[in-house]
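K.L.:
Once you've had a glance at the structure underneath, I'll fire off some questions.
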Amino acid sequence: MAAVVLAATRMLRGSGSWGRSRLRFGPPAHRRFSSGGAYPNVPLSSPLPGVPKPVFATVDGQEKFETKVTTLDNGLRVASQNKFGQFCTVGILINSGSRYEAKYLSGIAHFLEKLAFSSTARFDSKDEILLTLEKHGGICDCQTSRDTTMYAVSADSKGLDTVVGLLADVVLQPRLTDEEVEMTRMAVQFELEDLNMRPDPEPLLTEMIHEAAYRENTVGLHRFCPAENIAKMSREVLHSYLRNYYTPDRMVLAGVGVEHEHLVECARKYLLRVLPAWGSVEAVDVDRSVAQYTGGIAKLERDMSNVSLGPTPIPELTHIMVGLESCSFMEEDFIPFAVLNMMMGGGGSFSAGGPGKGMFSRLYLNVLNRHHWMYNATSYHHSYEDTGLLCIHASADPRQVREMVEIITKEFILMGGTVDVVELERAKTQLTSMLMMNLESRPVIFEDVGRQVLATRSRKLPHELCTLIRNVKPEDVKRVASKMLRGKPAVAALGDLTDLPTYEHIQTALSSKDGRLPRTYRLFR
C-alpha cells in the first residue's frame, strides 16, 4: 500500500526525469495527434494530401426527389428514389390483404405475415436468411394491412443483388412446411390473446369500427385471423390464395437509396420468368369488389376493471368509437379530410405539452380541457383506394358514457360549422411539418413510394402534396364535413355498455343541428 501511495505522490509532483524536464527545462511537450505533426505545413483550410475526397449530399445532385418507375414485361413495376447514404431500403409491396379474403378462409393474410422470411427453395431456415442479411448489415420485416402486404429489407447498398434475390425467394418460393405452419398457429394464437388483454384497446376498436362500417365486405372483413380458423390453416389453403394474389401485375419492387438501373437489372434477374412454388403465374379468380359502406354498430361487453393491475392500476373505462364515411386517397377531397383530421387532433388526458403536441386541436380545447373526467379523445382517418373512414375514439368512466357520446356527436356537428382561419392555418402547418419530418426517414420514403406506385402507378412528390395542403380553404373543410355528416354513422363500443345510447339515438344526434341525444325518461332508476 505504501508503494502505491509513493508512486501516486511522485506522479502528482512530477518527479522523475520526465517530470523534471517538463517542468524545468522547456515548453510543454505537444501530442502528435493534436498538433498535425504528420502534415506540419498544411493549413486547416486545405485538404490533406493522399486522403480521398469527401462526397456530400446536394440538392442539385443525388437528392432531386425524383421517383423513377419502370414496368417489366410480366407487369411488375420497379420504383426507386435515390437517397444519399450507405444503406438502402428495398422491398416488395403486393396488392393483397384481408379485404380480398371473402371467398377464402378469413385470416390468411395474417398467417402469411407471420410466415414471412421462413424457409424457401434456396434457404433452409429463417436463421440462414438472417445470417445472409447480417453479412450486409441487414434487417427484415413483413407487415400486412387490409389492402397491402409489404416485405422489406434495410441493408448496405452494396448487397442489393443479394437482397433482391432473397426477397424474390421469400415471396415466390416459400416452403410453408408443416412445422412452420404449426409454429405460426401458436404465434397467431398468442397475438389474439394479447390483443384481448392489452390495456390499449385501439387495435381492437379499429377492427370493430371497420366491421360495423363495412358489414361483411372488403375492408370490413377480419384483419386478424379468427380463433376458430387457426386450426384450419394449411399449405393448400395458403397456396390457393397466393395463386390469385401474389402475381407480378399486383406487385411493386420499391427501393430507396439505390440506382434505378441496378434495381431494374436485379428485378429482371430474379423476378422475371420465375415459376412460383404454387406452380402458376396467371391469376384465376381475383376479387375486384368495391367497398360498400353500410354503417352500423359493433358492441363487445367486457369487464375492463382488471385490465391493468398493480400499484397504479388504470381505472375501469368504457371505450367508444364513432365514425363516418370520408373518401378514398384517390379523390381530391382526401387532402381537406387530412387537414380536418389534424384540426380535430386530440389524444390522452395526460400530455407533456410542448410544440407540435396538438394541444390547440379541437379535441383538446373543446373536450379534454373542459371535461376532466374524459381520459381520451382522439381523431383517426383511415383511407383506402375506394373508401375512407373518419372517426373519434373516446374513453371515460362507464357511468358517464351517455354524456361522452353526446360530446362526440356535438364535435362531429361542429365540423360542418364555421372554420376559424387561425386554427386552419395551424392544422395545415402541423400536417405539412409532420409529412416532411416523416419523409426524412428512409423506411418511410420506401413505404410512401411503394404504396403510391402500387395504387396509382406514379408518385406525388412531397412538394406537390405541400402545395395541395396550402391550397385548402375554410370552405373546403366545411364542404367535406357537411357531405360526411349526411351519411350513416358506424359505432364501436367496448367495456361496460349499460348506459350506452341506442344506435338510433346516436344517428338522430348526428342528424340534428346541435348534436344532442334525444332525451330519455325512466319511471324507475
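To be explicit about the labels: the chains of the C-alpha cells are called A, B, and onward in the order shown, and within each one the residues are counted from 1, while ligands get numbers from 1 in the order they are shown.
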Quick one: residues within 9 Å of A:Gly295, only C-alpha atoms counted, chain neighbours fewer than 2 positions away excluded, as JSON, numbers by chain?
P.N.:
{"A": [212, 213, 214, 215, 293, 297, 323, 324, 325, 487, 488, 489, 490, 491]}
K.L.:
What are the closest atom pairs, with distances in Å to one decimal, for all residues of stretch 250-355 of chain A lying within 8 Å of stretch 228-243 of chain A? Consider only C-alpha atoms, order rows by chain and residue number, and present the result as a tab-separated table.
P.N.:
```
residue	atom	partner	partner_atom	distance
A:Trp278	CA	A:His239	CA	5.8
A:Gly279	CA	A:Arg243	CA	8.0
A:Ser280	CA	A:Arg243	CA	6.4
A:Val281	CA	A:Arg243	CA	7.3
A:Glu282	CA	A:Arg243	CA	7.7
A:Ala283	CA	A:Arg243	CA	6.2
A:Val284	CA	A:Arg243	CA	7.7
```
K.L.:
May I have the residues within 12 Å of A:Arg442 as a ChimeraX atom specification, using only C-alpha atoms and disregarding those fewer than 3 positions away in the same chain?
P.N.:
/A:80-90,152-155,254-258,437-439,445-449
K.L.:
Please provide the set of residues having any atom within 9 Å of stretch 271-275 of chain A, restricted to only C-alpha atoms, with same-chain residues fewer than 3 positions apart removed, written as a list in words.
P.N.:
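Result of the neighbour search: Leu72, Asp73, Asn74, Leu76, Val164, Gly165, Ala168, Leu172, Gln173, Pro248, Cys266, Ala267, Arg268, Trp278, Gly279, Ser280 and Val281 of chain A.
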K.L.:
Hey, can you spit out that residue selection with C-alpha atoms as an mmCIF file, in the first residue's frame?
P.N.:
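File produced: result.cif:
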```
data_model
loop_
_atom_site.group_PDB
_atom_site.id
_atom_site.type_symbol
_atom_site.label_atom_id
_atom_site.label_comp_id
_atom_site.auth_asym_id
_atom_site.auth_seq_id
_atom_site.Cartn_x
_atom_site.Cartn_y
_atom_site.Cartn_z
ATOM 1 C CA LEU A 72 -41.314 -5.152 -66.679
ATOM 2 C CA ASP A 73 -42.721 -7.483 -69.357
ATOM 3 C CA ASN A 74 -44.663 -9.504 -66.758
ATOM 4 C CA LEU A 76 -44.270 -5.985 -62.237
ATOM 5 C CA VAL A 164 -33.449 -8.623 -54.224
ATOM 6 C CA GLY A 165 -32.675 -12.308 -54.792
ATOM 7 C CA ALA A 168 -37.841 -12.841 -54.612
ATOM 8 C CA LEU A 172 -42.367 -16.568 -54.594
ATOM 9 C CA GLN A 173 -40.664 -19.699 -53.232
ATOM 10 C CA PRO A 248 -46.400 -9.889 -60.884
ATOM 11 C CA CYS A 266 -31.851 -7.188 -60.323
ATOM 12 C CA ALA A 267 -35.630 -7.345 -60.859
ATOM 13 C CA ARG A 268 -35.173 -8.819 -64.334
ATOM 14 C CA TRP A 278 -47.674 -22.810 -56.173
ATOM 15 C CA GLY A 279 -46.973 -23.547 -59.838
ATOM 16 C CA SER A 280 -48.992 -20.845 -61.610
ATOM 17 C CA VAL A 281 -48.209 -17.323 -62.770
#
```
K.L.:
Show me, as a tab-separated table, the residues of stretch 317-430 of chain A having an atom within 12 Å of stretch 195-203 of chain A, each with the closest atom pair and its distance in Å, using only C-alpha atoms.
P.N.:
```
residue	atom	partner	partner_atom	distance
A:Leu317	CA	A:Pro199	CA	10.1
A:Thr318	CA	A:Pro201	CA	10.0
A:His319	CA	A:Pro201	CA	7.8
A:Ile320	CA	A:Glu202	CA	10.1
A:Met321	CA	A:Glu202	CA	9.3
A:Gly347	CA	A:Glu202	CA	11.9
A:Gly348	CA	A:Asp200	CA	11.4
A:Asn376	CA	A:Glu202	CA	11.0
A:Ala377	CA	A:Glu202	CA	11.7
A:Thr378	CA	A:Glu202	CA	10.3
A:Ser379	CA	A:Glu202	CA	11.6
A:Tyr380	CA	A:Glu202	CA	10.5
A:Cys391	CA	A:Glu202	CA	11.8
A:Ile392	CA	A:Glu202	CA	11.1
A:His393	CA	A:Glu202	CA	8.2
A:Ala394	CA	A:Glu202	CA	10.2
A:Ser395	CA	A:Pro201	CA	10.0
```
K.L.:
How many Å separate atom CA of A:Phe190 from atom CA of A:Asp169?
P.N.:
27.7 Å
K.L.:
Provide the atom CA of A:Val307 to atom CA of A:Asp499 distance in Å, to one decimal place.
P.N.:
20.4 Å
K.L.:
Enumerate the residues of stretch 82-203 of chain A with a DSSP assignment of strand (DSSP E), computed from the backbone, and present them as a PyMOL selection string.
P.N.:
chain A and resi 87-94+139-144+149-156
K.L.:
Please return as JSON, numbers by chain: the residues of stretch 67-238 of chain A that backbone DSSP assigns to alpha helix (DSSP H).
P.N.:
{"A": [108, 109, 110, 111, 112, 113, 114, 115, 126, 127, 128, 129, 130, 131, 132, 133, 134, 160, 161, 162, 163, 164, 165, 166, 167, 168, 169, 170, 171, 172, 178, 179, 180, 181, 182, 183, 184, 185, 186, 187, 188, 189, 190, 191, 192, 193, 194, 195, 196, 197, 202, 203, 204, 205, 206, 207, 208, 209, 210, 211, 212, 213, 235, 236, 237, 238]}
K.L.:
For the residues in that selection, give me C-alpha atoms as a PDB file, in the first residue's frame.
P.N.:
```pdb
ATOM      1  CA  ILE A 108     -54.863 -15.922 -44.469  1.00  0.00           C
ATOM      2  CA  ALA A 109     -53.094 -12.549 -44.796  1.00  0.00           C
ATOM      3  CA  HIS A 110     -52.451 -12.526 -41.032  1.00  0.00           C
ATOM      4  CA  PHE A 111     -50.953 -16.025 -41.301  1.00  0.00           C
ATOM      5  CA  LEU A 112     -48.743 -15.088 -44.250  1.00  0.00           C
ATOM      6  CA  GLU A 113     -47.389 -12.107 -42.292  1.00  0.00           C
ATOM      7  CA  LYS A 114     -46.226 -14.432 -39.512  1.00  0.00           C
ATOM      8  CA  LEU A 115     -44.807 -16.959 -42.020  1.00  0.00           C
ATOM      9  CA  LYS A 126     -35.141 -18.404 -41.137  1.00  0.00           C
ATOM     10  CA  ASP A 127     -31.743 -18.363 -39.398  1.00  0.00           C
ATOM     11  CA  GLU A 128     -29.994 -18.826 -42.736  1.00  0.00           C
ATOM     12  CA  ILE A 129     -31.907 -15.850 -44.181  1.00  0.00           C
ATOM     13  CA  LEU A 130     -30.984 -13.674 -41.201  1.00  0.00           C
ATOM     14  CA  LEU A 131     -27.311 -14.707 -41.427  1.00  0.00           C
ATOM     15  CA  THR A 132     -27.278 -13.811 -45.128  1.00  0.00           C
ATOM     16  CA  LEU A 133     -28.707 -10.368 -44.350  1.00  0.00           C
ATOM     17  CA  GLU A 134     -26.312  -9.927 -41.445  1.00  0.00           C
ATOM     18  CA  LEU A 160     -28.556  -5.004 -53.446  1.00  0.00           C
ATOM     19  CA  ASP A 161     -28.247  -8.065 -55.710  1.00  0.00           C
ATOM     20  CA  THR A 162     -28.306 -10.425 -52.710  1.00  0.00           C
ATOM     21  CA  VAL A 163     -31.238  -8.576 -51.103  1.00  0.00           C
ATOM     22  CA  VAL A 164     -33.449  -8.623 -54.224  1.00  0.00           C
ATOM     23  CA  GLY A 165     -32.675 -12.308 -54.792  1.00  0.00           C
ATOM     24  CA  LEU A 166     -33.602 -13.065 -51.184  1.00  0.00           C
ATOM     25  CA  LEU A 167     -36.853 -11.067 -51.401  1.00  0.00           C
ATOM     26  CA  ALA A 168     -37.841 -12.841 -54.612  1.00  0.00           C
ATOM     27  CA  ASP A 169     -37.259 -16.206 -52.950  1.00  0.00           C
ATOM     28  CA  VAL A 170     -39.183 -15.258 -49.796  1.00  0.00           C
ATOM     29  CA  VAL A 171     -42.222 -14.005 -51.764  1.00  0.00           C
ATOM     30  CA  LEU A 172     -42.367 -16.568 -54.594  1.00  0.00           C
ATOM     31  CA  ASP A 178     -45.868 -28.357 -41.574  1.00  0.00           C
ATOM     32  CA  GLU A 179     -43.545 -27.347 -38.734  1.00  0.00           C
ATOM     33  CA  GLU A 180     -43.594 -23.666 -39.796  1.00  0.00           C
ATOM     34  CA  VAL A 181     -47.386 -23.655 -40.137  1.00  0.00           C
ATOM     35  CA  GLU A 182     -47.733 -25.164 -36.646  1.00  0.00           C
ATOM     36  CA  MET A 183     -45.352 -22.562 -35.163  1.00  0.00           C
ATOM     37  CA  THR A 184     -47.374 -19.835 -36.875  1.00  0.00           C
ATOM     38  CA  ARG A 185     -50.591 -21.187 -35.362  1.00  0.00           C
ATOM     39  CA  MET A 186     -49.049 -20.710 -31.927  1.00  0.00           C
ATOM     40  CA  ALA A 187     -47.827 -17.191 -32.803  1.00  0.00           C
ATOM     41  CA  VAL A 188     -51.261 -16.139 -34.090  1.00  0.00           C
ATOM     42  CA  GLN A 189     -52.992 -17.611 -31.025  1.00  0.00           C
ATOM     43  CA  PHE A 190     -50.649 -15.664 -28.744  1.00  0.00           C
ATOM     44  CA  GLU A 191     -51.257 -12.429 -30.675  1.00  0.00           C
ATOM     45  CA  LEU A 192     -55.041 -12.831 -30.399  1.00  0.00           C
ATOM     46  CA  GLU A 193     -54.771 -13.371 -26.644  1.00  0.00           C
ATOM     47  CA  ASP A 194     -52.502 -10.336 -26.335  1.00  0.00           C
ATOM     48  CA  LEU A 195     -54.952  -8.246 -28.393  1.00  0.00           C
ATOM     49  CA  ASN A 196     -57.756  -9.032 -25.963  1.00  0.00           C
ATOM     50  CA  MET A 197     -55.661  -8.442 -22.823  1.00  0.00           C
ATOM     51  CA  GLU A 202     -57.208   0.971 -30.041  1.00  0.00           C
ATOM     52  CA  PRO A 203     -56.314  -2.009 -32.339  1.00  0.00           C
ATOM     53  CA  LEU A 204     -59.430  -3.914 -31.227  1.00  0.00           C
ATOM     54  CA  LEU A 205     -61.673  -0.852 -31.594  1.00  0.00           C
ATOM     55  CA  THR A 206     -60.272  -0.177 -35.069  1.00  0.00           C
ATOM     56  CA  GLU A 207     -61.132  -3.753 -36.039  1.00  0.00           C
ATOM     57  CA  MET A 208     -64.661  -3.323 -34.623  1.00  0.00           C
ATOM     58  CA  ILE A 209     -65.339   0.054 -36.304  1.00  0.00           C
ATOM     59  CA  HIS A 210     -64.375  -1.394 -39.719  1.00  0.00           C
ATOM     60  CA  GLU A 211     -66.605  -4.398 -39.071  1.00  0.00           C
ATOM     61  CA  ALA A 212     -69.511  -2.054 -38.260  1.00  0.00           C
ATOM     62  CA  ALA A 213     -68.895   0.373 -41.148  1.00  0.00           C
ATOM     63  CA  ARG A 235     -50.261 -25.181 -47.104  1.00  0.00           C
ATOM     64  CA  GLU A 236     -53.065 -25.957 -49.592  1.00  0.00           C
ATOM     65  CA  VAL A 237     -55.303 -23.179 -48.222  1.00  0.00           C
ATOM     66  CA  LEU A 238     -52.441 -20.666 -48.361  1.00  0.00           C
TER      67      LEU A 238
END
```
K.L.:
Which of these residues is nearest to A:Lys103, using only C-alpha atoms: A:Cys140, A:Val286, A:Leu494, A:Val42?
P.N.:
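Checking each of A:Cys140, A:Val286, A:Leu494, A:Val42 against A:Lys103, counting only C-alpha atoms, the winner is A:Val286.
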